[in-house]
file query.txt (compact mmCIF, C-alpha atoms)
# COMPACT_ATOMS: atom_id res chain seq x y z
CA MET S 1 28.66 -3.10 -16.68
CA ASN S 2 27.42 0.25 -17.87
CA LEU S 3 30.41 2.57 -17.55
CA GLU S 4 28.43 5.73 -18.23
CA TYR S 5 26.06 5.12 -15.31
CA PHE S 6 28.92 4.17 -13.03
CA GLN S 7 30.87 7.30 -13.93
CA MET S 8 27.81 9.43 -13.21
CA ALA S 9 27.36 7.75 -9.82
CA LEU S 10 31.07 8.25 -9.05
CA ASP S 11 30.88 11.95 -9.93
CA PHE S 12 28.00 12.41 -7.51
CA ILE S 13 29.74 10.33 -4.82
CA GLU S 14 32.97 12.32 -5.01
CA SER S 15 31.14 15.64 -4.76
CA SER S 16 28.85 14.35 -1.98
CA LYS S 17 31.92 13.93 0.24
CA LYS S 18 32.68 17.65 -0.06
CA PHE S 19 29.27 19.32 0.22
CA ARG S 20 28.71 21.48 3.30
CA THR S 21 24.97 22.11 2.97
CA LEU S 22 21.94 19.88 2.50
CA ASP S 23 20.74 22.16 -0.30
CA GLU S 24 23.69 21.61 -2.61
CA LEU S 25 23.66 17.90 -1.76
CA GLY S 26 19.97 17.61 -2.63
CA VAL S 27 20.31 19.56 -5.88
CA ALA S 28 23.24 17.40 -7.06
CA PHE S 29 21.37 14.17 -6.24
CA HIS S 30 18.20 15.41 -7.91
CA GLN S 31 20.07 16.34 -11.08
CA ALA S 32 21.87 13.01 -11.26
CA THR S 33 18.69 10.97 -10.79
CA GLN S 34 16.84 13.12 -13.35
CA THR S 35 19.51 12.21 -15.89
CA LEU S 36 18.78 8.55 -15.08
CA GLY S 37 15.08 9.04 -15.89
CA PHE S 38 13.50 9.86 -12.51
CA ASP S 39 11.67 13.00 -11.39
CA HIS S 40 11.61 13.14 -7.59
CA TYR S 41 13.48 11.86 -4.57
CA ALA S 42 13.19 11.67 -0.79
CA CYS S 43 15.81 10.68 1.77
CA VAL S 44 14.19 10.15 5.16
CA SER S 45 14.75 8.57 8.54
CA CYS S 46 11.85 6.37 9.60
CA VAL S 47 10.91 8.33 12.71
CA GLU S 48 7.54 9.72 13.75
CA PHE S 49 7.04 12.38 11.12
CA GLY S 50 7.05 15.85 12.58
CA ALA S 51 9.45 15.10 15.39
CA LEU S 52 12.90 15.07 13.85
CA PRO S 53 15.36 14.03 16.55
CA ASP S 54 19.15 14.40 16.39
CA GLY S 55 20.67 11.86 14.07
CA ALA S 56 17.63 11.77 11.78
CA VAL S 57 17.60 13.10 8.24
CA PHE S 58 14.95 14.56 5.96
CA LEU S 59 15.80 15.73 2.47
CA ALA S 60 13.31 15.65 -0.38
CA ASP S 61 12.05 17.08 -3.60
CA TYR S 62 8.50 15.79 -3.98
CA PRO S 63 5.55 17.55 -5.63
CA ASP S 64 4.27 20.20 -3.19
CA ASP S 65 0.60 19.24 -3.50
CA TRP S 66 1.36 15.56 -2.88
CA THR S 67 3.40 16.39 0.22
CA LYS S 68 0.52 18.48 1.55
CA TYR S 69 -2.01 15.75 0.80
CA TYR S 70 0.28 13.14 2.37
CA LEU S 71 0.64 15.17 5.56
CA GLU S 72 -3.08 15.87 5.82
CA ASN S 73 -3.92 12.21 5.51
CA GLU S 74 -1.11 11.10 7.83
CA TYR S 75 -0.07 8.77 5.05
CA ASP S 76 3.17 7.90 6.83
CA ARG S 77 0.98 5.46 8.76
CA THR S 78 -0.37 3.83 5.58
CA ASP S 79 2.60 4.11 3.22
CA ARG S 80 3.38 0.63 1.87
CA ILE S 81 6.83 1.63 0.61
CA LEU S 82 7.81 2.97 4.04
CA GLN S 83 6.46 -0.19 5.68
CA VAL S 84 8.40 -2.53 3.36
CA SER S 85 11.61 -0.52 3.65
CA LEU S 86 11.55 -0.98 7.43
CA LYS S 87 11.51 -4.77 7.03
CA GLU S 88 13.56 -5.13 3.89
CA HIS S 89 17.33 -4.64 3.83
CA MET S 90 18.06 -4.99 0.10
CA PRO S 91 17.26 -2.25 -2.44
CA PHE S 92 14.03 -2.95 -4.37
CA ASN S 93 11.98 -1.37 -7.13
CA TRP S 94 8.24 -0.78 -7.05
CA ASP S 95 7.44 -3.66 -9.39
CA ASN S 96 8.78 -6.08 -6.81
CA ASN S 97 6.39 -8.68 -5.38
CA ILE S 98 7.38 -7.80 -1.82
CA ILE S 99 5.36 -4.61 -2.30
CA HIS S 100 2.34 -6.04 -4.04
CA ASN S 101 1.90 -9.23 -2.02
CA GLY S 102 0.04 -8.49 1.18
CA MET S 103 -0.88 -4.90 0.36
CA THR S 104 -4.03 -3.65 2.12
CA PRO S 105 -6.85 -1.94 0.15
CA GLU S 106 -5.97 1.41 1.78
CA GLN S 107 -2.39 0.95 0.71
CA SER S 108 -3.29 0.19 -2.91
CA GLU S 109 -5.58 3.17 -2.98
CA MET S 110 -2.75 5.36 -1.73
CA MET S 111 -0.43 3.92 -4.41
CA CYS S 112 -3.05 4.83 -7.07
CA GLU S 113 -3.26 8.36 -5.74
CA ALA S 114 0.52 8.60 -5.79
CA GLU S 115 0.47 7.48 -9.43
CA ASP S 116 -1.92 10.30 -10.26
CA ALA S 117 0.50 12.71 -8.61
CA GLY S 118 3.26 11.49 -10.96
CA LEU S 119 4.84 9.05 -8.51
CA LEU S 120 4.37 5.98 -10.67
CA TYR S 121 7.51 3.93 -10.44
CA GLY S 122 10.41 4.12 -8.06
CA VAL S 123 13.49 2.56 -6.57
CA THR S 124 13.80 2.31 -2.80
CA VAL S 125 17.05 1.83 -0.94
CA PRO S 126 16.45 0.91 2.71
CA ILE S 127 19.22 2.13 4.99
CA HIS S 128 19.77 0.10 8.12
CA ILE S 129 22.76 1.15 10.18
CA VAL S 130 23.29 -0.34 13.59
CA GLY S 131 23.10 2.45 16.14
CA ALA S 132 21.20 4.89 13.88
CA PHE S 133 17.58 5.42 12.85
CA PRO S 134 16.43 3.22 10.00
CA GLY S 135 15.99 5.22 6.83
CA ALA S 136 15.12 4.96 3.18
CA VAL S 137 15.89 6.74 -0.04
CA ASN S 138 13.11 6.82 -2.65
CA VAL S 139 13.81 7.84 -6.23
CA VAL S 140 10.57 8.13 -8.15
CA GLY S 141 9.18 9.12 -11.51
CA GLU S 142 6.65 8.63 -14.27
CA HIS S 143 8.62 6.11 -16.32
CA ARG S 144 8.69 2.37 -15.87
CA ASP S 145 11.26 1.51 -18.53
CA ILE S 146 14.34 2.15 -16.40
CA ASP S 147 17.59 0.36 -17.25
CA PRO S 148 18.56 -2.08 -14.41
CA ALA S 149 22.07 -0.61 -14.51
CA ALA S 150 20.58 2.84 -13.88
CA GLU S 151 18.80 1.41 -10.84
CA HIS S 152 22.09 0.02 -9.55
CA ALA S 153 23.60 3.48 -9.98
CA VAL S 154 20.69 4.83 -7.89
CA HIS S 155 21.43 2.23 -5.17
CA LEU S 156 25.01 3.35 -4.93
CA MET S 157 24.28 7.10 -4.96
CA SER S 158 21.47 6.72 -2.41
CA VAL S 159 23.75 5.19 0.20
CA TYR S 160 26.20 8.08 -0.21
CA LEU S 161 23.36 10.61 -0.19
CA HIS S 162 22.15 9.31 3.16
CA ASP S 163 25.67 9.19 4.57
CA ALA S 164 26.41 12.78 3.49
CA ALA S 165 23.02 13.99 4.78
CA LEU S 166 23.77 12.43 8.19
CA ARG S 167 27.22 14.03 8.25
CA ILE S 168 25.97 17.48 7.23
CA SER S 169 23.03 17.34 9.68
CA LYS S 170 25.48 16.52 12.45
CA GLU S 171 27.87 19.32 11.46
CA GLY S 172 25.05 21.84 11.17
CA LYS S 173 23.20 20.74 14.31
CA ALA S 174 24.51 23.57 16.43
CA ALA S 175 23.96 26.18 13.73
CA LEU S 176 20.47 24.90 12.98
CA LYS S 177 19.06 25.09 16.50
CA PRO S 178 17.80 28.69 16.82
CA VAL S 179 15.64 28.48 13.70
CA ALA S 180 12.68 30.60 14.63
CA LYS S 181 10.51 31.40 17.57
CA LEU S 182 6.80 31.25 16.86
CA THR S 183 4.15 32.67 19.15
CA PRO S 184 1.64 30.18 20.58
CA ARG S 185 -1.06 31.59 18.25
CA GLU S 186 1.19 31.22 15.18
CA LYS S 187 1.92 27.62 16.14
CA GLU S 188 -1.76 26.96 16.68
CA CYS S 189 -2.67 28.38 13.29
CA LEU S 190 0.06 26.36 11.53
CA GLN S 191 -1.11 23.25 13.32
CA TRP S 192 -4.55 23.72 11.75
CA VAL S 193 -3.06 24.58 8.35
CA ALA S 194 -1.24 21.25 8.62
CA ALA S 195 -4.57 19.58 9.26
CA GLY S 196 -5.81 20.98 5.96
CA LYS S 197 -8.03 23.77 7.31
CA THR S 198 -8.57 27.04 5.47
CA ASP S 199 -8.14 30.44 7.15
CA TRP S 200 -11.89 30.75 7.38
CA GLU S 201 -12.26 27.35 9.10
CA ILE S 202 -9.41 28.15 11.48
CA SER S 203 -11.01 31.48 12.38
CA GLY S 204 -14.13 29.52 13.41
CA ILE S 205 -12.16 26.99 15.45
CA LEU S 206 -10.10 29.60 17.32
CA SER S 207 -12.89 32.20 17.46
CA ILE S 208 -10.73 34.91 15.94
CA ALA S 209 -11.09 36.95 12.76
CA GLU S 210 -10.11 35.35 9.45
CA ARG S 211 -7.80 38.31 8.79
CA THR S 212 -6.01 37.66 12.07
CA VAL S 213 -5.47 34.00 11.12
CA HIS S 214 -4.04 35.17 7.82
CA THR S 215 -1.67 37.57 9.62
CA HIS S 216 -0.47 34.81 11.99
CA VAL S 217 0.27 32.43 9.10
CA GLU S 218 2.01 35.15 7.08
CA SER S 219 4.11 36.11 10.07
CA ALA S 220 5.06 32.44 10.65
CA LYS S 221 6.06 32.17 6.97
CA THR S 222 8.34 35.20 7.31
CA LYS S 223 9.92 33.91 10.52
CA LEU S 224 10.55 30.50 8.96
CA GLY S 225 11.93 32.11 5.81
CA VAL S 226 9.65 30.28 3.39
CA ASN S 227 7.34 31.30 0.57
CA THR S 228 4.38 28.94 0.77
CA ARG S 229 2.05 27.65 3.49
CA VAL S 230 3.04 24.04 2.75
CA GLN S 231 6.71 24.90 3.17
CA ALA S 232 5.89 26.62 6.46
CA VAL S 233 4.10 23.52 7.74
CA VAL S 234 6.90 21.18 6.65
CA LYS S 235 9.61 23.38 8.15
CA ALA S 236 7.71 23.82 11.40
CA PHE S 237 7.27 20.05 11.63
CA LEU S 238 10.92 19.37 10.95
CA THR S 239 12.17 21.84 13.50
CA ASN S 240 9.81 20.51 16.15
CA LEU S 241 7.76 23.71 16.31
CA ILE S 242 4.52 21.84 15.69
CA HIS S 243 3.59 18.18 16.15
CA HIS S 244 1.22 15.57 14.91
CA MET C 1 44.52 -7.14 21.11
CA ILE C 2 45.25 -7.73 17.42
CA HIS C 3 47.79 -10.36 16.45
CA VAL C 4 49.26 -10.18 12.97
CA VAL C 5 49.83 -13.70 11.63
CA SER C 6 51.98 -14.05 8.52
CA SER C 7 54.38 -16.60 7.03
CA LEU C 8 56.98 -15.49 9.57
CA ASN C 9 55.12 -16.45 12.74
CA ARG C 10 52.46 -18.87 11.45
CA THR C 11 53.76 -21.89 13.33
CA GLU C 12 53.24 -20.12 16.66
CA TYR C 13 49.57 -19.63 15.78
CA SER C 14 48.64 -23.03 14.31
CA GLY C 15 46.16 -23.67 17.15
CA TYR C 16 44.46 -20.32 16.57
CA LEU C 17 44.35 -20.87 12.81
CA ARG C 18 42.53 -24.20 13.34
CA GLN C 19 40.02 -22.27 15.46
CA LEU C 20 39.81 -19.64 12.74
CA TRP C 21 38.67 -22.18 10.08
CA GLN C 22 36.02 -23.47 12.51
CA GLN C 23 34.75 -20.01 13.45
CA ARG C 24 34.63 -18.98 9.81
CA TYR C 25 32.49 -22.05 9.09
CA ASP C 26 30.11 -21.16 11.91
CA VAL C 27 29.84 -17.52 10.82
CA PHE C 28 29.86 -17.59 7.01
CA VAL C 29 28.38 -21.03 6.21
CA GLU C 30 26.06 -21.70 9.16
CA LYS C 31 24.94 -18.22 10.16
CA MET C 32 25.15 -16.22 6.94
CA GLY C 33 24.32 -19.13 4.66
CA TRP C 34 27.02 -18.50 2.06
CA SER C 35 27.34 -21.33 -0.43
CA LEU C 36 31.04 -21.99 -0.02
CA ASP C 37 32.70 -25.15 -1.22
CA CYS C 38 34.24 -26.51 1.96
CA ALA C 39 34.55 -29.54 4.23
CA ARG C 40 32.02 -29.84 7.04
CA GLY C 41 32.94 -27.66 9.99
CA ILE C 42 36.03 -26.17 8.34
CA GLU C 43 35.96 -23.11 6.08
CA ARG C 44 39.27 -22.75 4.32
CA ASP C 45 39.89 -22.07 0.62
CA GLN C 46 42.57 -21.61 -2.05
CA PHE C 47 43.25 -18.08 -0.77
CA ASP C 48 44.42 -19.31 2.63
CA ARG C 49 47.99 -19.59 1.41
CA PRO C 50 51.45 -19.15 2.92
CA ASP C 51 51.56 -15.48 1.85
CA THR C 52 48.13 -14.70 3.38
CA VAL C 53 48.14 -12.39 6.39
CA TYR C 54 45.53 -12.67 9.17
CA LEU C 55 44.59 -10.13 11.77
CA LEU C 56 43.31 -12.07 14.78
CA CYS C 57 41.52 -10.42 17.67
CA ILE C 58 42.46 -12.36 20.80
CA ASP C 59 41.07 -11.27 24.17
CA ASP C 60 42.88 -11.16 27.53
CA GLY C 61 41.77 -14.72 28.25
CA GLY C 62 43.44 -15.94 25.06
CA ASN C 63 40.15 -16.49 23.17
CA LEU C 64 39.81 -15.81 19.46
CA LYS C 65 36.98 -13.25 19.11
CA GLY C 66 37.16 -12.20 15.48
CA ALA C 67 39.42 -11.93 12.47
CA MET C 68 40.02 -10.78 8.92
CA ARG C 69 42.06 -12.09 6.03
CA LEU C 70 44.46 -9.96 3.99
CA LEU C 71 45.64 -10.95 0.51
CA PRO C 72 48.18 -9.18 -1.68
CA THR C 73 46.34 -7.90 -4.78
CA VAL C 74 49.38 -8.61 -6.97
CA GLN C 75 48.62 -12.31 -6.39
CA PRO C 76 45.36 -14.11 -7.20
CA HIS C 77 42.72 -12.99 -4.69
CA LEU C 78 38.96 -13.13 -4.22
CA MET C 79 38.22 -10.07 -6.35
CA SER C 80 40.53 -11.04 -9.22
CA GLU C 81 39.41 -14.70 -9.36
CA THR C 82 35.74 -14.69 -8.30
CA PHE C 83 34.37 -11.15 -8.69
CA PRO C 84 36.33 -9.35 -11.45
CA GLN C 85 32.98 -8.37 -13.07
CA LEU C 86 32.29 -6.05 -10.12
CA CYS C 87 35.11 -3.69 -11.13
CA ALA C 88 34.28 -1.16 -13.86
CA SER C 89 37.86 -0.45 -14.87
CA GLY C 90 39.69 -3.62 -13.93
CA VAL C 91 40.64 -5.13 -10.58
CA PRO C 92 43.00 -2.73 -8.76
CA ARG C 93 46.36 -4.44 -8.32
CA SER C 94 49.33 -2.90 -6.62
CA LYS C 95 51.96 -3.70 -4.03
CA THR C 96 50.42 -1.12 -1.70
CA THR C 97 46.84 -2.43 -2.09
CA TRP C 98 45.70 -5.52 -0.18
CA GLU C 99 42.32 -7.22 -0.12
CA VAL C 100 40.24 -7.69 3.02
CA SER C 101 37.92 -10.69 3.21
CA ARG C 102 36.28 -13.00 5.78
CA PHE C 103 35.85 -10.18 8.29
CA TYR C 104 33.83 -11.24 11.34
CA SER C 105 33.33 -10.67 15.04
CA LEU C 106 31.87 -13.12 17.54
CA THR C 107 31.05 -10.49 20.16
CA GLY C 108 27.95 -8.35 19.95
CA ARG C 109 24.76 -9.17 18.13
CA HIS C 110 25.59 -6.96 15.20
CA MET C 111 28.71 -7.21 13.12
CA MET C 112 29.62 -3.57 12.78
CA LEU C 113 28.33 -2.18 16.05
CA GLU C 114 30.43 0.77 17.17
CA ARG C 115 30.33 -0.48 20.73
CA ASP C 116 31.69 -3.84 19.61
CA ARG C 117 35.23 -3.83 20.93
CA THR C 118 36.29 -6.67 18.62
CA VAL C 119 35.24 -4.81 15.46
CA SER C 120 36.84 -1.60 16.75
CA GLU C 121 40.13 -3.36 17.41
CA LEU C 122 40.05 -5.08 14.03
CA VAL C 123 39.32 -1.83 12.16
CA CYS C 124 41.95 0.20 14.04
CA GLY C 125 44.36 -2.74 13.84
CA LEU C 126 43.91 -2.79 10.06
CA PHE C 127 44.81 0.92 9.88
CA GLU C 128 47.75 0.53 12.21
CA TYR C 129 49.13 -2.50 10.40
CA GLY C 130 48.49 -0.93 6.99
CA LEU C 131 50.25 2.32 7.88
CA LEU C 132 53.24 0.44 9.31
CA ALA C 133 53.48 -2.04 6.44
CA GLY C 134 53.12 0.55 3.66
CA ILE C 135 49.63 -0.52 2.58
CA ASP C 136 47.78 2.62 1.45
CA SER C 137 44.47 1.07 0.47
CA VAL C 138 42.43 -2.10 0.87
CA THR C 139 39.82 -3.53 -1.47
CA CYS C 140 36.80 -5.53 -0.46
CA VAL C 141 33.61 -7.17 -1.75
CA ALA C 142 30.56 -6.83 0.50
CA SER C 143 26.79 -6.94 0.55
CA MET C 144 24.83 -3.72 -0.12
CA VAL C 145 23.11 -4.39 3.21
CA LEU C 146 26.34 -3.73 5.10
CA PHE C 147 27.50 -0.88 2.88
CA PRO C 148 25.80 2.03 4.75
CA THR C 149 27.41 0.81 7.97
CA ILE C 150 30.81 0.47 6.31
CA LEU C 151 30.53 4.06 5.02
CA LYS C 152 29.58 5.42 8.41
CA ALA C 153 32.86 4.19 9.95
CA GLY C 154 34.35 7.53 8.88
CA TRP C 155 36.93 6.46 6.31
CA ASN C 156 37.12 7.22 2.61
CA VAL C 157 35.27 4.52 0.66
CA THR C 158 35.20 4.53 -3.16
CA PRO C 159 33.09 2.05 -5.12
CA LEU C 160 34.91 0.19 -7.91
CA GLY C 161 31.80 -0.54 -9.96
CA LEU C 162 28.02 -0.74 -9.92
CA PRO C 163 26.42 -3.16 -7.47
CA SER C 164 25.31 -6.45 -8.97
CA VAL C 165 23.14 -9.40 -7.99
CA SER C 166 24.99 -12.57 -7.00
CA ASP C 167 23.57 -15.60 -5.17
CA GLY C 168 20.37 -13.65 -4.41
CA GLU C 169 22.28 -10.79 -2.81
CA VAL C 170 23.22 -7.34 -4.11
CA ILE C 171 26.98 -7.05 -3.70
CA LEU C 172 29.61 -4.51 -4.68
CA ALA C 173 33.36 -3.98 -4.78
CA PHE C 174 34.98 -0.97 -3.15
CA LYS C 175 38.28 0.49 -1.99
CA ILE C 176 39.11 2.04 1.37
CA ASP C 177 42.04 4.46 1.78
CA LEU C 178 44.28 3.89 4.77
CA CYS C 179 45.68 7.31 5.61
CA ALA C 180 46.93 8.71 8.91
CA ALA C 181 44.22 11.38 9.19
CA ASP C 182 41.42 8.84 8.84
CA TYR C 183 43.19 6.51 11.28
CA VAL C 184 43.01 9.19 13.97
CA ALA C 185 39.34 9.90 13.19
CA VAL C 186 38.34 6.22 13.21
CA CYS C 187 40.17 5.61 16.53
CA GLU C 188 38.27 8.54 18.00
CA THR C 189 34.84 7.36 16.80
CA ARG C 190 35.54 3.88 18.04
CA ASN C 191 37.06 4.87 21.37
CA ILE C 192 40.42 3.26 20.78
CA GLU C 193 43.44 4.81 22.45
CA GLY C 194 46.91 3.90 21.33
CA SER C 195 48.17 0.77 19.65
CA VAL C 196 46.06 -2.38 19.44
CA LEU C 197 48.75 -4.48 17.73
CA ASN C 198 50.39 -7.19 19.77
CA THR C 199 53.78 -6.95 18.09
CA ALA C 200 55.35 -4.81 15.45
CA PRO C 201 54.29 -6.35 12.13
CA SER C 202 56.91 -8.44 10.45
CA ARG C 203 55.81 -7.30 6.97
CA GLU C 204 57.45 -3.97 7.65
CA LEU C 205 60.85 -5.63 7.90
CA GLU C 206 60.18 -7.64 4.79
CA LEU C 207 59.29 -4.54 2.79
CA GLU C 208 62.30 -2.64 4.06
CA MET C 209 64.57 -5.46 3.05
CA ALA C 210 62.97 -5.58 -0.38
CA VAL C 211 63.74 -1.90 -1.06
call {"tool": "encode", "arguments": {"input": "query.txt", "output": "structure tokens"}}
result
Amino acid sequence: MNLEYFQMALDFIESSKKFRTLDELGVAFHQATQTLGFDHYACVSCVEFGALPDGAVFLADYPDDWTKYYLENEYDRTDRILQVSLKEHMPFNWDNNIIHNGMTPEQSEMMCEAEDAGLLYGVTVPIHIVGAFPGAVNVVGEHRDIDPAAEHAVHLMSVYLHDAALRISKEGKAALKPVAKLTPREKECLQWVAAGKTDWEISGILSIAERTVHTHVESAKTKLGVNTRVQAVVKAFLTNLIHH
Amino acid sequence: MIHVVSSLNRTEYSGYLRQLWQQRYDVFVEKMGWSLDCARGIERDQFDRPDTVYLLCIDDGGNLKGAMRLLPTVQPHLMSETFPQLCASGVPRSKTTWEVSRFYSLTGRHMMLERDRTVSELVCGLFEYGLLAGIDSVTCVASMVLFPTILKAGWNVTPLGLPSVSDGEVILAFKIDLCAADYVAVCETRNIEGSVLNTAPSRELELEMAV
């Protein structure tokens, strides 16, 4: 057994039990998996994306442009990894035959696009808890030559990550509720931003000035406390302000 | 209600123990497909010894609904004999650490369901017995598939090593602390009020006499 990897996993696990916010939890997990040779991670409940009910979790650090592209294309409906993790109960890596056998052409195309975005090889830990939403933790990067012991360390940390994320989401549920109030126009504009439209296109759709669209989106960004349009869309989705 | 069966009251439970071997065969060999070396219809191994303790969940009608096996870690046990490679810094062995194995419930479709009264009684019974008998932690080997559910029970679980592939399954060894604060929390989550033990455990007397 690789003691170094185990010790690293244990360090994360012990601190995960004490974290009070999703941010510090996510940062610690990201750092640990980067040391193991990965670049990105996502810890999600398999629920209709955009409607995050109580008891569901969403915590991720994926490339911004990929997230945007994924949302625009509603790739949660195509995603092979998501599909397999709903059926599979054991952790698997992306070289596994259970992914490649029976993959549709759309799914392989999406995997190729993900590769181009730097999501080349990953480890997926499906989380199936009786009485809770199914979930999955993906730890992904550009390298294929990952030590099997490092993948086992990822398995272990992922289960604790999901458990801590559930606990913190539950604790913070009350505090999280009054996030922001968006006007109907702001919601409408964000909805179209989510669909990949530019301000100019949205101004045509809603028959309002492009400048006004810009003002609505900027105002939504301020209310949501985020810096980019993509972040605004993601946050609005997650807090149920806009829907698919 | 949870009945603690040890060397002191074993003879009173011989009928239940015969049922236990049969149920364990049905659950672990037939249903879960474990490759265990045992006679047909009876699952009983070298760890079912005179010093083994069983927690049996027996319903009001006198039916055996589920059980677990407890082994002292200072004696040979599953982890020390079969899975020592799962522990990164040696198999934990102490008078206050016991090993849980062959945990099952016949009620409910899913083993660890929070609504499953049998599992709730077994889990709270383990805490209650442990706290009374001076056991401060239990060790266990389980499948990665069950691990998220085991964590969610609300107790403090610490892995003893990295998971590893065995018999086509990813398994791992871990330790659970049995402390009073967690006992209260687990009882609350699982809707258990008061004691679930049938009698005061006899191990307590044994330990007191040993001091």
call {"tool": "closest_atom_pairs", "arguments": {"input": "query.txt", "of": "chain C", "to": "chain S", "cutoff": "12 Å", "atoms": "only C-alpha atoms", "output": "Markdown table"}}
result
| residue | atom | partner | partner_atom | distance |
| --- | --- | --- | --- | --- |
| C:Pro84 | CA | S:Met1 | CA | 11.2 |
| C:Gln85 | CA | S:Met1 | CA | 7.7 |
| C:Leu86 | CA | S:Met1 | CA | 8.1 |
| C:Cys87 | CA | S:Met1 | CA | 8.5 |
| C:Ala88 | CA | S:Leu3 | CA | 6.5 |
| C:Ser89 | CA | S:Leu3 | CA | 8.5 |
| C:Gly90 | CA | S:Met1 | CA | 11.4 |
| C:Gly108 | CA | S:Val130 | CA | 11.2 |
| C:Arg109 | CA | S:Val130 | CA | 10.0 |
| C:His110 | CA | S:Val130 | CA | 7.2 |
| C:Met111 | CA | S:Val130 | CA | 8.8 |
| C:Met112 | CA | S:Val130 | CA | 7.2 |
| C:Leu113 | CA | S:Val130 | CA | 5.9 |
| C:Glu114 | CA | S:Gly131 | CA | 7.6 |
| C:Arg115 | CA | S:Gly131 | CA | 9.1 |
| C:Asp116 | CA | S:Val130 | CA | 10.9 |
| C:Ser143 | CA | S:Met90 | CA | 9.0 |
| C:Met144 | CA | S:Met90 | CA | 6.9 |
| C:Val145 | CA | S:His89 | CA | 5.8 |
| C:Leu146 | CA | S:Ile129 | CA | 7.9 |
| C:Phe147 | CA | S:Val159 | CA | 7.6 |
| C:Pro148 | CA | S:Val159 | CA | 5.9 |
| C:Thr149 | CA | S:Ile129 | CA | 5.2 |
| C:Ile150 | CA | S:Ile129 | CA | 9.0 |
| C:Leu151 | CA | S:Asp163 | CA | 7.1 |
| C:Lys152 | CA | S:Asp163 | CA | 6.7 |
| C:Ala153 | CA | S:Asp163 | CA | 10.3 |
| C:Gly154 | CA | S:Arg167 | CA | 9.7 |
| C:Trp155 | CA | S:Lys17 | CA | 10.9 |
| C:Asn156 | CA | S:Lys17 | CA | 8.8 |
| C:Val157 | CA | S:Ile13 | CA | 9.7 |
| C:Thr158 | CA | S:Leu10 | CA | 8.1 |
| C:Pro159 | CA | S:Leu10 | CA | 7.6 |
| C:Leu160 | CA | S:Phe6 | CA | 8.8 |
| C:Gly161 | CA | S:Phe6 | CA | 6.3 |
| C:Leu162 | CA | S:Phe6 | CA | 5.9 |
| C:Pro163 | CA | S:His152 | CA | 5.8 |
| C:Ser164 | CA | S:His152 | CA | 7.3 |
| C:Val165 | CA | S:His152 | CA | 9.6 |
| C:Gly168 | CA | S:Met90 | CA | 10.0 |
| C:Glu169 | CA | S:Met90 | CA | 7.7 |
| C:Val170 | CA | S:Met90 | CA | 7.1 |
| C:Ile171 | CA | S:Met90 | CA | 9.9 |
| C:Leu172 | CA | S:Leu156 | CA | 9.1 |
| C:Ala173 | CA | S:Leu156 | CA | 11.1 |
| C:Phe174 | CA | S:Leu156 | CA | 11.0 |
call {"tool": "closest_residue", "arguments": {"input": "query.txt", "among": "C:Thr82, C:Ser195, C:Asn63, C:Gln19", "to": "Val141 of chain C", "atoms": "all atoms listed in the file"}}
result
C:Thr82
call {"tool": "closest_atom_pairs", "arguments": {"input": "query.txt", "of": "segment 53-91 of chain S", "to": "segment 217-241 of chain S", "cutoff": "12 Å", "atoms": "all atoms listed in the file", "output": "Markdown table"}}
result
| residue | atom | partner | partner_atom | distance |
| --- | --- | --- | --- | --- |
| S:Pro53 | CA | S:Asn240 | CA | 8.5 |
| S:Asp54 | CA | S:Thr239 | CA | 10.6 |
| S:Ala56 | CA | S:Leu238 | CA | 10.2 |
| S:Val57 | CA | S:Leu238 | CA | 9.6 |
| S:Phe58 | CA | S:Leu238 | CA | 8.0 |
| S:Leu59 | CA | S:Leu238 | CA | 10.4 |
| S:Ala60 | CA | S:Val234 | CA | 11.0 |
| S:Asp61 | CA | S:Gln231 | CA | 11.6 |
| S:Tyr62 | CA | S:Gln231 | CA | 11.7 |
| S:Pro63 | CA | S:Val230 | CA | 10.9 |
| S:Asp64 | CA | S:Val230 | CA | 7.2 |
| S:Asp65 | CA | S:Val230 | CA | 8.2 |
| S:Trp66 | CA | S:Val230 | CA | 10.3 |
| S:Thr67 | CA | S:Val230 | CA | 8.1 |
| S:Lys68 | CA | S:Val230 | CA | 6.2 |
| S:Tyr69 | CA | S:Val230 | CA | 9.9 |
| S:Tyr70 | CA | S:Val230 | CA | 11.3 |
| S:Leu71 | CA | S:Val234 | CA | 8.7 |
| S:Glu72 | CA | S:Val230 | CA | 10.7 |
call {"tool": "residues_around", "arguments": {"input": "query.txt", "residues": "segment 48-56 of chain C", "least_positions_apart": "5", "cutoff": "7 Å", "atoms": "only C-alpha atoms", "output": "PyMOL selection string"}}
result
chain C and resi 2-7+64+66-71
call {"tool": "residues_around", "arguments": {"input": "query.txt", "residues": "segment 24-26 of chain C", "least_positions_apart": "2", "cutoff": "8 Å", "atoms": "only C-alpha atoms", "output": "number ranges by chain"}}
result
C: 20-22, 28-31, 41-43, 102, 104
call {"tool": "atom_distance", "arguments": {"input": "query.txt", "atom1": "atom CA of Ser15 of chain S", "atom2": "atom CA of His30 of chain S"}}
result
13.3 Å
call {"tool": "closest_residue", "arguments": {"input": "query.txt", "among": "C:Pro72, C:Gly62, C:Gly15, C:Gly134", "to": "Val100 of chain C", "atoms": "all atoms listed in the file"}}
result
C:Pro72
call {"tool": "atom_distance", "arguments": {"input": "query.txt", "atom1": "atom CA of Tyr129 of chain C", "atom2": "atom CA of Leu178 of chain C"}}
result
9.8 Å
call {"tool": "atom_distance", "arguments": {"input": "query.txt", "atom1": "atom CA of Ser166 of chain C", "atom2": "atom CA of Val137 of chain S"}}
result
22.5 Å
